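J.: Take a look at the following structure, please.
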Amino acid sequence: VGRAFASQGMAAVVANSRLSPGVAHPAHVEDAARSVAWVRSHIKEYGGSPDKVFLAGHSAGAYLVSLLTTDPRYLKAQGLSTKDIAGAVPISGFFWVEKVAPDRPKDVWGADPKLWPDASPAKYVSSGAPRTLLLYADGDDPWRREQNVEMAKAMKVEAVQIAGRDHMCIFMKLAPGDPAFDKMAAFVSKR
């Protein structure tokens with residue numbers, strides 16, 4: 001994916017975060033915030049601009065991108081704000097933890113359902129979020145497609161369903177000429 005964006009003249013950083021069960025929420029999103037801070041501090045060394053940092057992630061990565069760009073606490077802890085992000089492209093994400101957590105291991109968000117909404121990007125939707133483009137696959141599970149449509153309505157942004165893709169190949173096929181890639185590249189270029 002990094003090479004695909006680089007081939008189009010975009011610097012790309014592929015970051016990771018610690019995983020559960022080794023850590024629990026909010027460690028994952030704190031790791032993501034540290035990655036954003038590192039990118040903003042170092043992107044010039046790679047020919048990029050700190051004022052043109054876009055975030056994208058797939059599945060759990062889309063969730064992390066969404067939480068970073070809706071709940072300002074995590075970027076603030078790194079001396080940043082949502083205004084430091086030029087845009088976000090969550091791919092096949094989820095936005096209501098309270099609807100996902102019951103079926104997930106309890107070492108991710110904990111076992112107390114009363115705490116789950118605080119980990120949900122949808123709780124923090126506001127006009128202060130960066131420009132956002134939601135992408136999801138026509139082959140994503142129905143609940144995931146529904147969450148993308150509902151989040152787009154809540155944020156008043158575009159959600160694009162990519163035809164002929166499932167949950168994994170929407171990300172694995174990202175390359176110039178692919179509909180999801182081309183939508184992302186156009187979104188970034190509009191800045």
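Ligands are numbered from 1 in the order shown, chains are lettered A, B, ... in the order of the structure tokens, and residues start at 1 in each chain.
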If you count only C-alpha atoms, which residues fall within 9 Å of Gln78 (chain A), apart from same-chain ones fewer than 3 positions away, as a VMD selection string?
T.: chain A and resid 30 33 to 34 36 to 37 74 to 75 81
J.: Restrict the selected residues to N, CA, C and O atoms and save them as a PDB file, in the first residue's frame.
T.:
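Result file is out16.pdb:
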ATOM      1  N   GLU A  30      -3.724   5.363  21.691  1.00  0.00           N
ATOM      2  CA  GLU A  30      -2.570   6.150  22.157  1.00  0.00           C
ATOM      3  C   GLU A  30      -1.358   5.872  21.278  1.00  0.00           C
ATOM      4  O   GLU A  30      -0.601   6.799  20.933  1.00  0.00           O
ATOM      5  N   ALA A  33      -1.858   7.760  18.085  1.00  0.00           N
ATOM      6  CA  ALA A  33      -1.584   9.193  18.272  1.00  0.00           C
ATOM      7  C   ALA A  33      -0.085   9.466  18.293  1.00  0.00           C
ATOM      8  O   ALA A  33       0.384  10.455  17.703  1.00  0.00           O
ATOM      9  N   ARG A  34       0.675   8.589  18.927  1.00  0.00           N
ATOM     10  CA  ARG A  34       2.141   8.746  18.914  1.00  0.00           C
ATOM     11  C   ARG A  34       2.685   8.609  17.490  1.00  0.00           C
ATOM     12  O   ARG A  34       3.613   9.327  17.105  1.00  0.00           O
ATOM     13  N   VAL A  36       1.111   9.447  14.733  1.00  0.00           N
ATOM     14  CA  VAL A  36       0.782  10.696  14.045  1.00  0.00           C
ATOM     15  C   VAL A  36       1.775  11.785  14.440  1.00  0.00           C
ATOM     16  O   VAL A  36       2.270  12.530  13.584  1.00  0.00           O
ATOM     17  N   ALA A  37       2.089  11.876  15.719  1.00  0.00           N
ATOM     18  CA  ALA A  37       3.049  12.882  16.178  1.00  0.00           C
ATOM     19  C   ALA A  37       4.414  12.653  15.535  1.00  0.00           C
ATOM     20  O   ALA A  37       5.075  13.610  15.099  1.00  0.00           O
ATOM     21  N   TYR A  74      -6.698  12.190  22.424  1.00  0.00           N
ATOM     22  CA  TYR A  74      -5.501  11.399  22.119  1.00  0.00           C
ATOM     23  C   TYR A  74      -4.453  12.218  21.370  1.00  0.00           C
ATOM     24  O   TYR A  74      -3.261  12.115  21.663  1.00  0.00           O
ATOM     25  N   LEU A  75      -4.885  13.037  20.434  1.00  0.00           N
ATOM     26  CA  LEU A  75      -3.934  13.920  19.754  1.00  0.00           C
ATOM     27  C   LEU A  75      -3.447  15.011  20.707  1.00  0.00           C
ATOM     28  O   LEU A  75      -2.271  15.380  20.681  1.00  0.00           O
ATOM     29  N   SER A  81      -3.804  18.611  17.585  1.00  0.00           N
ATOM     30  CA  SER A  81      -5.268  18.674  17.593  1.00  0.00           C
ATOM     31  C   SER A  81      -5.783  18.095  16.277  1.00  0.00           C
ATOM     32  O   SER A  81      -5.003  17.826  15.351  1.00  0.00           O
TER      33      SER A  81
END
J.: I need the residues of region 7-103 of chain A that end up classed as helix (DSSP H, G or I) by DSSP on the backbone, written out as an MDAnalysis selection string.
T.: chainID A and resid 27:46 50:52 60:70 73:76 82:84 97:103
J.: Per DSSP on the backbone, what are the strand (DSSP E or B) residues of region 122-174 of chain A, as a PyMOL selection string?
T.: chain A and resi 131-139+158-166
J.: What's around Ala12 (chain A) at 9 Å? Count only C-alpha atoms, leave out sequence neighbours fewer than 3 positions away in its own chain, and write the answer as a PyMOL selection string.
T.: chain A and resi 1-6+48
J.: List as a Markdown table every residue of region 5-29 of chain A that is in contact with region 118-140 of chain A, defined as an atom at most 12 Å from one of its atoms (using only C-alpha atoms), together with the nearest atom pair and the distance in Å rounded to one decimal, sorted by chain and then rising number.
T.:
| residue | atom | partner | partner_atom | distance |
| --- | --- | --- | --- | --- |
| A:Ala24 | CA | A:Ala119 | CA | 11.2 |
| A:His25 | CA | A:Ala119 | CA | 7.7 |
| A:Pro26 | CA | A:Ala119 | CA | 7.8 |
| A:Ala27 | CA | A:Ala119 | CA | 11.4 |
| A:His28 | CA | A:Ala119 | CA | 11.0 |
| A:Val29 | CA | A:Ala119 | CA | 9.7 |
J.: So which residues touch Ile170 (chain A) within 12 Å, counting only C-alpha atoms, skipping near sequence neighbours fewer than 3 positions away, as a ChimeraX atom specification?
T.: /A:1,57-59,90-93,135-140,160-167,173-175,178-181
J.: Restricting it to N, CA, C and O atoms, dump the selection as a short mmCIF file (atom, residue, chain, number, x, y, z; two decimals), in the first residue's frame.
T.:
data_model
loop_
_atom_site.label_atom_id
_atom_site.label_comp_id
_atom_site.auth_asym_id
_atom_site.auth_seq_id
_atom_site.Cartn_x
_atom_site.Cartn_y
_atom_site.Cartn_z
N VAL A 1 0.83 -1.19 0.00
CA VAL A 1 0.00 0.00 0.00
C VAL A 1 0.87 1.25 0.00
O VAL A 1 0.61 2.20 -0.73
N GLY A 57 -6.92 3.97 7.52
CA GLY A 57 -6.76 2.69 8.19
C GLY A 57 -7.86 1.76 7.73
O GLY A 57 -8.92 2.20 7.26
N HIS A 58 -7.60 0.48 7.89
CA HIS A 58 -8.55 -0.55 7.47
C HIS A 58 -9.05 -1.31 8.70
O HIS A 58 -8.25 -1.68 9.56
N SER A 59 -10.34 -1.53 8.80
CA SER A 59 -10.96 -2.34 9.84
C SER A 59 -10.66 -1.74 11.22
O SER A 59 -11.11 -0.62 11.50
N PRO A 90 -11.24 6.31 6.72
CA PRO A 90 -11.46 4.99 7.33
C PRO A 90 -12.01 4.02 6.28
O PRO A 90 -12.93 4.36 5.54
N ILE A 91 -11.43 2.83 6.23
CA ILE A 91 -11.83 1.82 5.24
C ILE A 91 -12.44 0.63 5.97
O ILE A 91 -11.76 -0.03 6.77
N SER A 92 -13.71 0.37 5.72
CA SER A 92 -14.42 -0.76 6.35
C SER A 92 -14.29 -0.73 7.86
O SER A 92 -14.00 -1.74 8.50
N GLY A 93 -14.52 0.44 8.42
CA GLY A 93 -14.39 0.61 9.86
C GLY A 93 -15.67 0.30 10.62
O GLY A 93 -16.68 -0.12 10.05
N LEU A 135 -14.95 4.66 3.24
CA LEU A 135 -14.99 3.63 2.20
C LEU A 135 -15.34 2.30 2.85
O LEU A 135 -14.86 2.01 3.95
N TYR A 136 -16.17 1.52 2.18
CA TYR A 136 -16.49 0.19 2.68
C TYR A 136 -16.82 -0.71 1.51
O TYR A 136 -17.10 -0.23 0.40
N ALA A 137 -16.77 -2.01 1.73
CA ALA A 137 -16.96 -2.99 0.67
C ALA A 137 -18.41 -3.46 0.61
O ALA A 137 -19.06 -3.62 1.64
N ASP A 138 -18.86 -3.74 -0.61
CA ASP A 138 -20.20 -4.31 -0.73
C ASP A 138 -20.25 -5.70 -0.10
O ASP A 138 -21.31 -6.16 0.29
N GLY A 139 -19.09 -6.33 0.06
CA GLY A 139 -19.02 -7.64 0.69
C GLY A 139 -18.73 -7.59 2.19
O GLY A 139 -18.55 -8.64 2.81
N ASP A 140 -18.66 -6.39 2.77
CA ASP A 140 -18.55 -6.29 4.23
C ASP A 140 -19.81 -6.86 4.86
O ASP A 140 -20.88 -6.87 4.23
N VAL A 160 -18.62 5.75 0.53
CA VAL A 160 -18.63 5.12 -0.79
C VAL A 160 -18.49 3.61 -0.61
O VAL A 160 -17.53 3.13 -0.01
N GLN A 161 -19.48 2.89 -1.15
CA GLN A 161 -19.42 1.43 -1.16
C GLN A 161 -18.67 1.00 -2.41
O GLN A 161 -19.02 1.39 -3.52
N ILE A 162 -17.63 0.20 -2.22
CA ILE A 162 -16.82 -0.28 -3.33
C ILE A 162 -17.35 -1.65 -3.75
O ILE A 162 -17.38 -2.60 -2.95
N ALA A 163 -17.78 -1.74 -5.00
CA ALA A 163 -18.38 -2.97 -5.52
C ALA A 163 -17.33 -4.04 -5.77
O ALA A 163 -16.17 -3.74 -6.09
N GLY A 164 -17.74 -5.28 -5.60
CA GLY A 164 -16.88 -6.41 -5.92
C GLY A 164 -15.74 -6.62 -4.93
O GLY A 164 -14.73 -7.22 -5.28
N ARG A 165 -15.91 -6.13 -3.72
CA ARG A 165 -14.86 -6.27 -2.70
C ARG A 165 -15.46 -6.87 -1.44
O ARG A 165 -16.62 -6.68 -1.12
N ASP A 166 -14.62 -7.61 -0.71
CA ASP A 166 -15.02 -8.08 0.61
C ASP A 166 -14.18 -7.32 1.64
O ASP A 166 -13.42 -6.41 1.29
N HIS A 167 -14.32 -7.72 2.89
CA HIS A 167 -13.68 -6.97 3.97
C HIS A 167 -12.17 -6.89 3.82
O HIS A 167 -11.57 -5.85 4.10
N LYS A 173 -6.30 -4.87 -2.34
CA LYS A 173 -6.23 -4.53 -3.76
C LYS A 173 -5.95 -3.05 -4.01
O LYS A 173 -6.02 -2.59 -5.15
N LEU A 174 -5.63 -2.29 -2.95
CA LEU A 174 -5.35 -0.86 -3.14
C LEU A 174 -4.12 -0.68 -4.03
O LEU A 174 -3.02 -1.08 -3.67
N ALA A 175 -4.36 -0.10 -5.18
CA ALA A 175 -3.30 0.18 -6.16
C ALA A 175 -3.91 1.11 -7.20
O ALA A 175 -5.13 1.15 -7.37
N ASP A 178 -7.52 0.87 -9.01
CA ASP A 178 -8.53 0.27 -8.14
C ASP A 178 -9.50 1.37 -7.69
O ASP A 178 -9.07 2.47 -7.36
N PRO A 179 -10.81 1.11 -7.69
CA PRO A 179 -11.76 2.17 -7.33
C PRO A 179 -11.54 2.76 -5.94
O PRO A 179 -11.67 3.98 -5.76
N ALA A 180 -11.21 1.94 -4.94
CA ALA A 180 -10.99 2.48 -3.59
C ALA A 180 -9.73 3.36 -3.58
O ALA A 180 -9.74 4.46 -3.02
N PHE A 181 -8.66 2.88 -4.20
CA PHE A 181 -7.43 3.66 -4.26
C PHE A 181 -7.67 4.98 -4.97
O PHE A 181 -7.24 6.04 -4.50
#
J.: Go through A:Pro117, A:Trp96, A:Lys190, A:Pro105 one by one, measure the shortest atom-to-atom distance of each to Ala154 (chain A) using only C-alpha atoms, and give the residue with the smallest value.
T.: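 Counting only C-alpha atoms, the residue closest to Ala154 (chain A) is A:Trp96.
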J.: Choose the residue, out of A:Glu45, A:Ala60, A:Phe54, A:Trp116, that has the smallest atom-to-atom separation from Arg18 (chain A); count only C-alpha atoms.
T.: A:Ala60
J.: Can you pull out every residue within 8 Å of Ala32 (chain A), counting only C-alpha atoms, but drop anything in the same chain fewer than 4 positions away, and send it as number ranges by chain?
T.: A: 15-17, 28, 36, 64-65, 68
J.: Next, dump the selected residues to file, keeping only N, CA, C and O atoms, as a PDB file, in the first residue's frame.
T.:
ATOM      1  N   ALA A  15       2.012   2.542   9.723  1.00  0.00           N
ATOM      2  CA  ALA A  15       2.277   2.418  11.160  1.00  0.00           C
ATOM      3  C   ALA A  15       1.487   1.249  11.737  1.00  0.00           C
ATOM      4  O   ALA A  15       0.549   0.750  11.118  1.00  0.00           O
ATOM      5  N   ASN A  16       1.847   0.844  12.921  1.00  0.00           N
ATOM      6  CA  ASN A  16       1.172  -0.243  13.604  1.00  0.00           C
ATOM      7  C   ASN A  16       0.929   0.175  15.041  1.00  0.00           C
ATOM      8  O   ASN A  16       1.428   1.206  15.490  1.00  0.00           O
ATOM      9  N   SER A  17       0.181  -0.610  15.759  1.00  0.00           N
ATOM     10  CA  SER A  17      -0.039  -0.373  17.187  1.00  0.00           C
ATOM     11  C   SER A  17       0.037  -1.713  17.913  1.00  0.00           C
ATOM     12  O   SER A  17      -0.058  -2.765  17.287  1.00  0.00           O
ATOM     13  N   HIS A  28      -4.248   1.191  22.238  1.00  0.00           N
ATOM     14  CA  HIS A  28      -4.174   1.117  20.775  1.00  0.00           C
ATOM     15  C   HIS A  28      -4.220   2.508  20.153  1.00  0.00           C
ATOM     16  O   HIS A  28      -3.408   2.855  19.292  1.00  0.00           O
ATOM     17  N   VAL A  36       1.111   9.447  14.733  1.00  0.00           N
ATOM     18  CA  VAL A  36       0.782  10.696  14.045  1.00  0.00           C
ATOM     19  C   VAL A  36       1.775  11.785  14.440  1.00  0.00           C
ATOM     20  O   VAL A  36       2.270  12.530  13.584  1.00  0.00           O
ATOM     21  N   LEU A  64      -9.418   3.166  14.675  1.00  0.00           N
ATOM     22  CA  LEU A  64      -8.438   4.020  15.349  1.00  0.00           C
ATOM     23  C   LEU A  64      -8.339   5.389  14.694  1.00  0.00           C
ATOM     24  O   LEU A  64      -8.291   6.419  15.383  1.00  0.00           O
ATOM     25  N   VAL A  65      -8.314   5.435  13.367  1.00  0.00           N
ATOM     26  CA  VAL A  65      -8.288   6.703  12.643  1.00  0.00           C
ATOM     27  C   VAL A  65      -9.515   7.532  13.007  1.00  0.00           C
ATOM     28  O   VAL A  65      -9.423   8.741  13.258  1.00  0.00           O
ATOM     29  N   LEU A  68      -9.248   8.864  16.600  1.00  0.00           N
ATOM     30  CA  LEU A  68      -8.262   9.956  16.646  1.00  0.00           C
ATOM     31  C   LEU A  68      -8.831  11.258  16.103  1.00  0.00           C
ATOM     32  O   LEU A  68      -8.501  12.334  16.606  1.00  0.00           O
TER      33      LEU A  68
END
J.: Looking at only C-alpha atoms, which of A:Val13, A:Asp107, A:Lys156, A:Val188 is the one that sits closest to Lys52 (chain A)?
T.: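 Using only C-alpha atoms, the shortest distance to Lys52 (chain A) belongs to A:Val188.
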J.: Rank A:Thr69, A:Pro21, A:Gln8, A:Tyr63 by their smallest atom-to-atom distance to Met155 (chain A), using only C-alpha atoms, and report the top residue only.
T.: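 Checking each candidate against Met155 (chain A), we get A:Thr69 as the closest.
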J.: Find the distance between CA of Val108 (chain A) and CA of Leu19 (chain A) and write it in Å to one decimal.
T.: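 Interatomic distance here is 8.5 Å.
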J.: Using only C-alpha atoms, which of A:Asp71, A:Gly87, A:Val23, A:Phe94 sits nearest Val149 (chain A)?
T.: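 Once distances to Val149 (chain A) are computed over only C-alpha atoms, the minimum belongs to A:Phe94.
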